[in-house]
Structure formats: C-alpha cells, structure tokens
Amino acid sequence: MPDFKRPHALTDAYLHYCPGCTHGIVHRLVAEVIDEMDIEGDTIGVCPVGCSVMAYDYFNCDMMEASHGRAPAVATGIKRANPDKFVFTYQGDGDLAAIGTAETVHAATRGENITVIFINNTTYGMTGGQMAPTTLPGQITQTTPYGRNTDIEGFPVKMCEMLSQLDGVALAQRVTVIDPANIRKAKAAIRKGFEYQKNKQGFSIIEVLSTCPTNWGLTPVQAIERLKNDMIPYYPLGVYKDGAVRNKEAAAQ
C-alpha cells in the first residue's frame, strides 16, 4: 500500500482550527484531489472572511483573499481572465448563505465554471457563534439564547435544494466528513466538482455538513453525534443536481 502522507498541495503549516473542527479534513480532501489531478500549478483558490480566512496559509496553490461573501464574484473574475485554470472557493455558511447570497446565486445562475466548497456548521464560527442562515430551528446560539424561533427568525436556508433549481448549476451535492465512508463520498464529490469544471459544465457546489464543537458547546464526539442526529435529518445528504452541460461545445468534449 502507498504511504499515508501529507498531500503536496497542503502546506506543513499548523491549522488554526479548534479541536474537533472538520475544516482540516475538508482541506486535506481538496488537496488530495489537486494532487491526484496534477493541477496544483493550475489551481487558484479564493477564501473570504470567516473561519476559512487563513486558508491561503494551508494550500500550496495560488490563493486569493476576498471580501466577506464576495468569493464567487472574485472567482468569476479570475476564471474569466484565466479560463484554463481551476478556480475554487472555500466558504462557510455565514459567508456564502448570508452576506454572500447574491454573489452565490448569480454566479450559479450564470453557470460560472467554478467549484464552490461550502462548509455548513449552522453557526457563525469565527465571530463567536451567532445565528447563521443555516442555524436549525430551536438551536441555541449567541443571538438566539432561547433557540431559533421560526416565527421570528424564519427558517434555515437549504442551499443545495435552492441552487439545484438553477439552469447554470452542473452539480449540487451535500456530503459530510464524520466517518471514513462519508469522507470517501465527500472526496468523490469534490473530485467531481473539479472534473466538471475541467469539462466546462458550469457551476458546482459541494456542501459539507461540518461540526463546530466550540460554538456548539460540545465535545468533538458529542458534536459528531449532534450532526448525525440533528443536522442530517434537516439537511439530507445526497445529490440534488448532477450533470448539466452549459453548451454544445462542452457536450462534445
């Protein structure tokens, strides 16, 4: 068997994420895909504000910092100026589904040929655990101390379900990384998102249900159980759209 070692596309910097956070697993999967496709020198990542703000320290490919929520807009400019490069964004739910909702929806409906890695942990992780657009009904946060009341705060946003309705979306898939079987599925989804970009098929979003033990007030093990018992029933795993092709030229490739 091959040696288990750090992917070349992942730097040797220590991750700043909290114990039990699953960002590090997803970082590794993205790096493994970049290595396996041999595209490190042709890949450009975009990280905005949030827990992912320091992702430029962790990937050996070119990285660009974006303002809060604007990663899809920045990625659009990069991809249009460099159509042969692989461009991905790495965003949290407080970024992509809140201040960045418009950028996300319009990049998707235009069919921008980019790959979006979307981390959904149902909270604003970096800023102390406030309610996010994805916060579950009844979930206690810093700004919903009695639990999210849907009569007042409304319902969570289900991004994969919403974006799957848009013609420009090639792939919308929800995965998680809480055990080896699901980690393999998540990696396959990320690989597919990059392959679809290679084939010029349009916009891909891979949503990863993730843990945030610190802001949930749980141990890492308890956080995984919460994800299984509370998050997955509300945000079912699976493929919500797969295989759209933007144009005849792409279909012929």
# chains A, B, ... in the order shown; residues from 1 in each chain; ligands from 1

$ residues_around --residues "segment 56-58 of chain A" --least-positions-apart "5" --cutoff "7 Å" --atoms "only C-alpha atoms" --output "list in words"
Leu10, Thr11, Ala13 and Met63 of chain A

$ residues_around --residues "Thr76 of chain A" --least-positions-apart "5" --cutoff "12 Å" --atoms "only C-alpha atoms" --output "PyMOL selection string"
chain A and resi 44-46+66+70-71+81-83+85-89+103-104+106-108+110-116+202-203

$ closest_residue --among "A:Cys21, A:Cys61, A:Cys51, A:Val169" --to "Asp38 of chain A" --atoms "only C-alpha atoms"
A:Cys61

$ residues_around --residues "Ser210 of chain A" --least-positions-apart "2" --cutoff "10 Å" --atoms "only C-alpha atoms" --output "list in words"
Gly20, Cys21, Thr22, His23, Ile25, Val26, Gly92, Phe118, Ile119, Asn120, Asn121, Thr122, Val175, Thr176, Val177, Ile178, Glu207, Val208, Cys212, Pro213, Ala223, Ile224, Leu227 and Met231 of chain A

$ write_last_selection --atoms "C-alpha atoms" --output "PDB file, in the first residue's frame"
ATOM      1  CA  GLY A  20     -12.849  18.577  16.646  1.00  0.00           C
ATOM      2  CA  CYS A  21     -13.493  21.027  13.809  1.00  0.00           C
ATOM      3  CA  THR A  22     -13.803  19.275  10.456  1.00  0.00           C
ATOM      4  CA  HIS A  23     -12.281  22.065   8.342  1.00  0.00           C
ATOM      5  CA  ILE A  25     -10.428  17.084   6.936  1.00  0.00           C
ATOM      6  CA  VAL A  26     -12.008  19.018   4.083  1.00  0.00           C
ATOM      7  CA  GLY A  92     -18.669  28.974   5.356  1.00  0.00           C
ATOM      8  CA  PHE A 118     -19.381  25.168   1.150  1.00  0.00           C
ATOM      9  CA  ILE A 119     -18.875  24.411   4.853  1.00  0.00           C
ATOM     10  CA  ASN A 120     -22.185  24.275   6.751  1.00  0.00           C
ATOM     11  CA  ASN A 121     -21.825  24.118  10.537  1.00  0.00           C
ATOM     12  CA  THR A 122     -25.052  26.036  11.318  1.00  0.00           C
ATOM     13  CA  VAL A 175     -21.895  15.426   1.971  1.00  0.00           C
ATOM     14  CA  THR A 176     -20.255  15.163   5.390  1.00  0.00           C
ATOM     15  CA  VAL A 177     -16.927  14.009   6.820  1.00  0.00           C
ATOM     16  CA  ILE A 178     -17.883  12.413  10.140  1.00  0.00           C
ATOM     17  CA  GLU A 207     -21.900  21.405   0.654  1.00  0.00           C
ATOM     18  CA  VAL A 208     -20.145  19.726   3.580  1.00  0.00           C
ATOM     19  CA  CYS A 212     -18.247  23.361  15.427  1.00  0.00           C
ATOM     20  CA  PRO A 213     -17.670  21.941  18.928  1.00  0.00           C
ATOM     21  CA  ALA A 223     -20.555  17.307  18.065  1.00  0.00           C
ATOM     22  CA  ILE A 224     -20.424  14.375  15.662  1.00  0.00           C
ATOM     23  CA  LEU A 227     -24.504  16.328  13.332  1.00  0.00           C
ATOM     24  CA  MET A 231     -28.283  18.169  11.111  1.00  0.00           C
TER      25      MET A 231
END

$ closest_residue --among "A:Arg226, A:Arg184, A:Arg174, A:Lys5" --to "Leu136 of chain A" --atoms "only C-alpha atoms"
A:Arg226

$ atom_distance --atom1 "atom CA of Ala98 of chain A" --atom2 "atom CA of Asn149 of chain A"
17.9 Å

$ atom_distance --atom1 "atom CA of Val157 of chain A" --atom2 "atom CA of Ala97 of chain A"
7.3 Å

$ select_by_dssp --residues "segment 20-162 of chain A" --states "alpha helix (DSSP H)" --output "PyMOL selection string"
chain A and resi 23-37+71-81+93-94+101-109+150-153+159-162
